[in-house]
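**Student:** The structure under discussion is supplied below as structure tokens; questions concerning it will follow.
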Amino acid sequence: MNDAMMIKCEPIIEDVELFNTLVADGETQRRDELRMLCLYKLKVAEETVSLLEAQGIDMECLRKMRIEDVDELFDGKPLGAKILFREAFLEWRDEIGLPCKSIKSVSSRKRPSEPTDGAQPVPPKRQVASPHWNNCLPPQSVIMEKEPVTQCSKQNVSYQSFRWPMTPSTLKEILDCNSLGRSIMAMGCLGGLGKSLQYQLTAIIIDYHMEFETKITTPQLENYAYCIATLFPHENPLTYHIPRGPNRRNPGGSLYSRFINQKISKKALAIGNSVAAS
């Protein structure tokens with residue numbers, strides 16, 4: 001004999017009513033938001049607001065509208081209302097950082113230009129995005145290019161000419177001194193640095209340090225990590241310095257590792273030179 005019990009679940013009326021109320025409240029809020037924008041920001045007529053509502057246009061639609069949509073919206077309507085709405089709408093889209101463009105201009109930018117008179121199609125020029133960051137370098141500096149050797153090139157830079165100890169502004173001055181450093185800063189404007197650029201940045205800082213000191217202390221490592229994180233907000237300080245701990249006898253991170261490797265290399269070079277001289 002089957003003793004299984006069948007349980008029938010039915011929706012609770014109160015929950016359904018609450019859900020419907022929340023949906024209705026959300027729709028009312030969206031309509032109120034649209035009306036506030038149109039009447040007090042765009043300063044368009046009540047008839048224009050009613051026209052938008054009748055077409056089911058809300059704030060999300062306004063953020064995605066194209067010029068062609070404006071033309072279709074006012075098809076057969078008085079031209080004056082269309083002009084007033086269009087100019088206020090375009091100005092608002094510029095203010096919020098979403099410039100309104102036509103569908104034709106977007107589609108033409110996505111495909112190469114058509115060939116004429118049997119000529120080969122001309123591919124569109126590649127645009128490099130400009131980093132939005134204070135004191136950033138021009139976009140072209142993102143791409144490392146060969147530059148003529150100057151007094152401040154990486155090969156002959158004198159770190160003794162910079163202030164000691166390092167500050168974030170000192171680090172910026174050092175990086176501004178050669179093309180590699182400027183490339184690191186330009187990439188830092190766009191986001192986190194890759195492994196290769198992190199390695200190069202660490203090498204520059206340790207070269208600077210060893211111009212002044214033969215040893216490195218925990219406060220100095222912490223200061224270098226602080227300078228990096230201040231100048232490059234996307235970088236994790238722990239990548240460059242990990243403090244000692246119960247299970248860590250020596251500091252970790254790329255700064256200390258680079259310092260040890262650099263010190264070993266200098267000792268090996270000194271031994272090699274002395275052997276060659278004898």
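Going by the structure tokens order, chains are called A, B, ..., each with residues numbered from 1, while ligands are numbered from 1 in the order shown.
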Find the spatial neighbours of range 199-216 of chain A, counting only C-alpha atoms, within a cut-off of 8 Å - ignore same-chain residues fewer than 3 positions away - and output them as a list in words.

**Tutor:**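 Using only C-alpha atoms, the neighbours found are Tyr159, Gln160, Leu171, Gly181, Ile184, Lys195, Ser196, Gln220, Leu221, Tyr224, Tyr240, Ser254, Leu255, Arg258 and Phe259 of chain A.
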
**Student:** Please list as a PDB file with C-alpha atoms, in the first residue's frame every residue within 6 Å of range 65-81 of chain A, counting only C-alpha atoms and excluding residues in the same chain fewer than 4 positions away.

**Tutor:**
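Written output follows (result25.pdb):
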ATOM      1  CA  CYS A  61      14.587  53.974 -24.308  1.00  0.00           C
ATOM      2  CA  CYS A 100      23.086  60.432 -29.800  1.00  0.00           C
ATOM      3  CA  LYS A 101      24.190  59.194 -33.219  1.00  0.00           C
ATOM      4  CA  SER A 102      22.331  58.130 -36.296  1.00  0.00           C
TER       5      SER A 102
END

**Student:** Find the residue from A:Asp32, A:Val49, A:Arg244, A:Lys43 that sits nearest to Ala88 in chain A; use only C-alpha atoms when measuring.

**Tutor:**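 For Ala88 in chain A, the nearest of the given residues is A:Lys43.
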
**Student:** Applying 10 Å and only C-alpha atoms, which residues near Arg163 in chain A remain after dropping the ones on its own chain fewer than 6 positions away? List them as an NGL selection string.

**Tutor:** :A and (169-171 or 173-174)

**Student:** Would you mind exporting the chosen residues as a PDB file, in the first residue's frame, restricted to N, CA, C and O atoms?

**Tutor:**
ATOM      1  N   SER A 169      55.377  61.332  -6.581  1.00  0.00           N
ATOM      2  CA  SER A 169      55.760  62.316  -7.609  1.00  0.00           C
ATOM      3  C   SER A 169      57.159  62.036  -8.146  1.00  0.00           C
ATOM      4  O   SER A 169      57.432  62.236  -9.332  1.00  0.00           O
ATOM      5  N   THR A 170      58.058  61.549  -7.272  1.00  0.00           N
ATOM      6  CA  THR A 170      59.398  61.176  -7.743  1.00  0.00           C
ATOM      7  C   THR A 170      59.319  60.006  -8.716  1.00  0.00           C
ATOM      8  O   THR A 170      59.998  60.000  -9.754  1.00  0.00           O
ATOM      9  N   LEU A 171      58.500  59.024  -8.393  1.00  0.00           N
ATOM     10  CA  LEU A 171      58.325  57.882  -9.297  1.00  0.00           C
ATOM     11  C   LEU A 171      57.788  58.345 -10.643  1.00  0.00           C
ATOM     12  O   LEU A 171      58.234  57.864 -11.696  1.00  0.00           O
ATOM     13  N   GLU A 173      58.245  61.265 -12.037  1.00  0.00           N
ATOM     14  CA  GLU A 173      59.334  61.957 -12.732  1.00  0.00           C
ATOM     15  C   GLU A 173      60.302  60.950 -13.367  1.00  0.00           C
ATOM     16  O   GLU A 173      60.763  61.151 -14.497  1.00  0.00           O
ATOM     17  N   ILE A 174      60.590  59.884 -12.640  1.00  0.00           N
ATOM     18  CA  ILE A 174      61.498  58.867 -13.172  1.00  0.00           C
ATOM     19  C   ILE A 174      60.894  58.190 -14.407  1.00  0.00           C
ATOM     20  O   ILE A 174      61.572  57.993 -15.422  1.00  0.00           O
TER      21      ILE A 174
END

**Student:** Using only C-alpha atoms, determine which residues lie at most 12 Å from Pro243 in chain A, disregarding the query and same-chain residues fewer than 6 positions distant; provide the list as a list of chain:residue names.

**Tutor:**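 Contacts, with the query itself left out: A:Thr217, A:Thr218, A:Pro219, A:Gln220, A:Leu221, A:Glu222, A:Ala225, A:Pro237, A:Arg249, A:Asn250, A:Pro251, A:Gly252, A:Gly253, A:Ser254, A:Leu255, A:Tyr256.
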
**Student:** Let me see the file: selected residues, N, CA and C atoms, as a PDB file, in the first residue's frame.

**Tutor:**
ATOM      1  N   THR A 217      65.318  47.768   3.338  1.00  0.00           N
ATOM      2  CA  THR A 217      64.609  47.519   4.590  1.00  0.00           C
ATOM      3  C   THR A 217      63.108  47.378   4.334  1.00  0.00           C
ATOM      4  N   THR A 218      62.408  46.867   5.343  1.00  0.00           N
ATOM      5  CA  THR A 218      60.950  46.712   5.224  1.00  0.00           C
ATOM      6  C   THR A 218      60.249  48.055   5.010  1.00  0.00           C
ATOM      7  N   PRO A 219      60.590  49.121   5.769  1.00  0.00           N
ATOM      8  CA  PRO A 219      59.942  50.414   5.499  1.00  0.00           C
ATOM      9  C   PRO A 219      60.170  50.903   4.073  1.00  0.00           C
ATOM     10  N   GLN A 220      61.351  50.643   3.519  1.00  0.00           N
ATOM     11  CA  GLN A 220      61.613  51.070   2.143  1.00  0.00           C
ATOM     12  C   GLN A 220      60.759  50.281   1.156  1.00  0.00           C
ATOM     13  N   LEU A 221      60.640  48.972   1.366  1.00  0.00           N
ATOM     14  CA  LEU A 221      59.789  48.153   0.500  1.00  0.00           C
ATOM     15  C   LEU A 221      58.330  48.606   0.591  1.00  0.00           C
ATOM     16  N   GLU A 222      57.873  48.890   1.808  1.00  0.00           N
ATOM     17  CA  GLU A 222      56.507  49.380   1.987  1.00  0.00           C
ATOM     18  C   GLU A 222      56.297  50.711   1.284  1.00  0.00           C
ATOM     19  N   ALA A 225      55.994  50.130  -2.506  1.00  0.00           N
ATOM     20  CA  ALA A 225      54.674  49.579  -2.830  1.00  0.00           C
ATOM     21  C   ALA A 225      53.599  50.663  -2.720  1.00  0.00           C
ATOM     22  N   PRO A 237      49.184  46.385  -4.196  1.00  0.00           N
ATOM     23  CA  PRO A 237      50.490  46.535  -3.523  1.00  0.00           C
ATOM     24  C   PRO A 237      51.126  45.206  -3.150  1.00  0.00           C
ATOM     25  N   ARG A 249      60.041  33.957   6.371  1.00  0.00           N
ATOM     26  CA  ARG A 249      61.258  34.513   6.972  1.00  0.00           C
ATOM     27  C   ARG A 249      61.665  35.810   6.296  1.00  0.00           C
ATOM     28  N   ASN A 250      61.572  35.858   4.975  1.00  0.00           N
ATOM     29  CA  ASN A 250      61.941  37.044   4.210  1.00  0.00           C
ATOM     30  C   ASN A 250      60.703  37.661   3.563  1.00  0.00           C
ATOM     31  N   PRO A 251      60.776  38.924   3.220  1.00  0.00           N
ATOM     32  CA  PRO A 251      59.636  39.538   2.522  1.00  0.00           C
ATOM     33  C   PRO A 251      59.390  38.861   1.183  1.00  0.00           C
ATOM     34  N   GLY A 252      58.163  38.968   0.705  1.00  0.00           N
ATOM     35  CA  GLY A 252      57.816  38.450  -0.615  1.00  0.00           C
ATOM     36  C   GLY A 252      57.486  39.597  -1.556  1.00  0.00           C
ATOM     37  N   GLY A 253      57.131  39.238  -2.770  1.00  0.00           N
ATOM     38  CA  GLY A 253      56.789  40.260  -3.759  1.00  0.00           C
ATOM     39  C   GLY A 253      57.917  40.502  -4.743  1.00  0.00           C
ATOM     40  N   SER A 254      57.574  41.170  -5.844  1.00  0.00           N
ATOM     41  CA  SER A 254      58.538  41.344  -6.935  1.00  0.00           C
ATOM     42  C   SER A 254      59.670  42.298  -6.584  1.00  0.00           C
ATOM     43  N   LEU A 255      59.445  43.259  -5.676  1.00  0.00           N
ATOM     44  CA  LEU A 255      60.493  44.223  -5.342  1.00  0.00           C
ATOM     45  C   LEU A 255      61.675  43.535  -4.639  1.00  0.00           C
ATOM     46  N   TYR A 256      61.370  42.747  -3.616  1.00  0.00           N
ATOM     47  CA  TYR A 256      62.444  42.075  -2.882  1.00  0.00           C
ATOM     48  C   TYR A 256      63.138  41.044  -3.762  1.00  0.00           C
TER      49      TYR A 256
END

**Student:** Hey, can you check how far CA of Leu84 in chain A sits from CA of Ser50 in chain A?

**Tutor:**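 Spanning CA of Leu84 in chain A to CA of Ser50 in chain A is a straight-line distance of 15.2 Å.
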
**Student:** As a VMD selection string, please: the residues near range 62-64 of chain A (cut-off 8 Å, only C-alpha atoms, same-chain neighbours under 3 positions excluded).

**Tutor:** chain A and resid 57 to 59 93 98 100

**Student:** Let's have the selection written as a PDB file, in the first residue's frame, with N, CA and C atoms.

**Tutor:**
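To be explicit, this is the file written out as result-v4.pdb:
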ATOM      1  N   ILE A  57       7.783  54.711 -24.502  1.00  0.00           N
ATOM      2  CA  ILE A  57       9.180  55.122 -24.339  1.00  0.00           C
ATOM      3  C   ILE A  57       9.418  55.512 -22.887  1.00  0.00           C
ATOM      4  N   ASP A  58      10.406  54.858 -22.246  1.00  0.00           N
ATOM      5  CA  ASP A  58      10.776  55.175 -20.875  1.00  0.00           C
ATOM      6  C   ASP A  58      12.216  55.699 -20.847  1.00  0.00           C
ATOM      7  N   MET A  59      12.784  55.815 -19.640  1.00  0.00           N
ATOM      8  CA  MET A  59      14.132  56.375 -19.506  1.00  0.00           C
ATOM      9  C   MET A  59      15.171  55.507 -20.219  1.00  0.00           C
ATOM     10  N   ARG A  93      21.699  64.075 -23.826  1.00  0.00           N
ATOM     11  CA  ARG A  93      22.505  62.881 -24.092  1.00  0.00           C
ATOM     12  C   ARG A  93      23.997  63.196 -24.015  1.00  0.00           C
ATOM     13  N   LEU A  98      26.394  60.010 -23.312  1.00  0.00           N
ATOM     14  CA  LEU A  98      25.889  59.069 -24.329  1.00  0.00           C
ATOM     15  C   LEU A  98      25.432  59.864 -25.554  1.00  0.00           C
ATOM     16  N   CYS A 100      24.039  61.087 -28.904  1.00  0.00           N
ATOM     17  CA  CYS A 100      23.086  60.432 -29.800  1.00  0.00           C
ATOM     18  C   CYS A 100      23.633  60.454 -31.219  1.00  0.00           C
TER      19      CYS A 100
END

**Student:** Between CA of Gly188 in chain A and CA of Ser158 in chain A, measure the distance and give it in Å to one decimal.

**Tutor:**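 Straight-line distance from CA of Gly188 in chain A to CA of Ser158 in chain A works out to 24.0 Å.
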